[in-house]
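Read through the structure below, which is laid out as structure tokens, and then see the notes.
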Amino acid sequence: MVFILILILTIVAQLFFAWWTMPLVCFLVGLLGRRAWGTFFSGFFAVFFVWSVKAFWADIQNDQILSNRIGAMVGLGTGEWLFVFTALIGAMLGALATLAGYYTKAIFVSKKAKVSTHRATYK
């Protein structure tokens, strides 16, 4: 559920606002998470997918001119690896924002203490 929400809300938010809305969306959706690792990886893979597709789409629209120039500038030769680097940077940012949302919820929502039902045996 967290993965789908981050995926959809990140796409919608970035249609109308700048890139920095992605960590805000991830933080807010991270408040709904149930487990820390699941929340972290949901944020990571959702943002990785959105940003890699977005970078690939932008690269296709300008005939790969910009990615080839940036790739040559940073020493990669061609710009195919820029999708991976762009997606990894965005995915780490999204995963950490989602995890921050999860732990913020964990601070304010206390779990009920488990009371042991230890029975004393009397002789």
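For the structure tokens, the naming scheme is as follows: chains receive sequential letters (A, B, ...) according to their order of presentation, residues are indexed from 1 within each chain, and ligands are indexed from 1 in presentation order.
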Spatial neighbours of Gly79 of chain A, max dist 9 Å, only C-alpha atoms, sep filter under 4 positions, as a ChimeraX atom specification: /A:64-72,83
Shell around Trp20 of chain A at 12 Å using only C-alpha atoms, local window under 4 positions removed, as a list in words: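 Result of the neighbour search: Thr10, Ala13, Gln14, Leu15, Phe16, Leu24, Val25, Cys26, Phe27, Gly90, Leu93, Gly94 and Ala97 of chain A.
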For C-alpha atoms, I'd like the residues from the last selection saved as an mmCIF file, in the first residue's frame.
data_model
loop_
_atom_site.group_PDB
_atom_site.id
_atom_site.type_symbol
_atom_site.label_atom_id
_atom_site.label_comp_id
_atom_site.auth_asym_id
_atom_site.auth_seq_id
_atom_site.Cartn_x
_atom_site.Cartn_y
_atom_site.Cartn_z
ATOM 1 C CA THR A 10 4.872 11.408 -6.348
ATOM 2 C CA ALA A 13 2.887 16.056 -7.125
ATOM 3 C CA GLN A 14 5.740 16.372 -9.591
ATOM 4 C CA LEU A 15 3.379 17.208 -12.411
ATOM 5 C CA PHE A 16 2.424 20.421 -10.633
ATOM 6 C CA LEU A 24 7.278 15.601 1.471
ATOM 7 C CA VAL A 25 5.029 12.980 -0.107
ATOM 8 C CA CYS A 26 7.322 10.200 1.102
ATOM 9 C CA PHE A 27 7.360 11.591 4.638
ATOM 10 C CA GLY A 90 16.245 10.246 -5.662
ATOM 11 C CA LEU A 93 16.217 10.678 -0.574
ATOM 12 C CA GLY A 94 12.751 9.156 -0.822
ATOM 13 C CA ALA A 97 12.120 10.635 4.026
#
Which of segment 38-111 of chain A DSSP labels helix (DSSP H, G or I), written as JSON, numbers by chain: {"A": [38, 39, 40, 41, 42, 43, 44, 45, 46, 47, 48, 49, 50, 51, 52, 53, 54, 55, 56, 57, 58, 59, 60, 61, 65, 66, 67, 68, 69, 70, 71, 72, 73, 74, 81, 82, 83, 84, 85, 86, 87, 88, 89, 90, 91, 92, 93, 94, 95, 96, 97, 98, 99, 100, 101, 102, 103, 104, 105, 106, 107, 108]}
Pick from A:Leu96, A:Val84, A:Leu32, A:Met22, whichever lies nearest to Met1 of chain A using only C-alpha atoms: A:Leu32
Pairwise distance for atom CA of Ile4 of chain A and atom CA of Phe40 of chain A, rounded to one decimal in Å: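 One can read the atom CA of Ile4 of chain A to atom CA of Phe40 of chain A distance as 13.5 Å.
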Distance query Ala87 of chain A at most 9 Å, only C-alpha atoms, self and fewer than 3 positions along chain excluded, as a count of residues only: 14
Residues within 10 Å of Ala106 of chain A, only C-alpha atoms, excluding chain neighbours under 5 positions, as a PyMOL selection string: chain A and resi 31+33-34+36+100-101+111
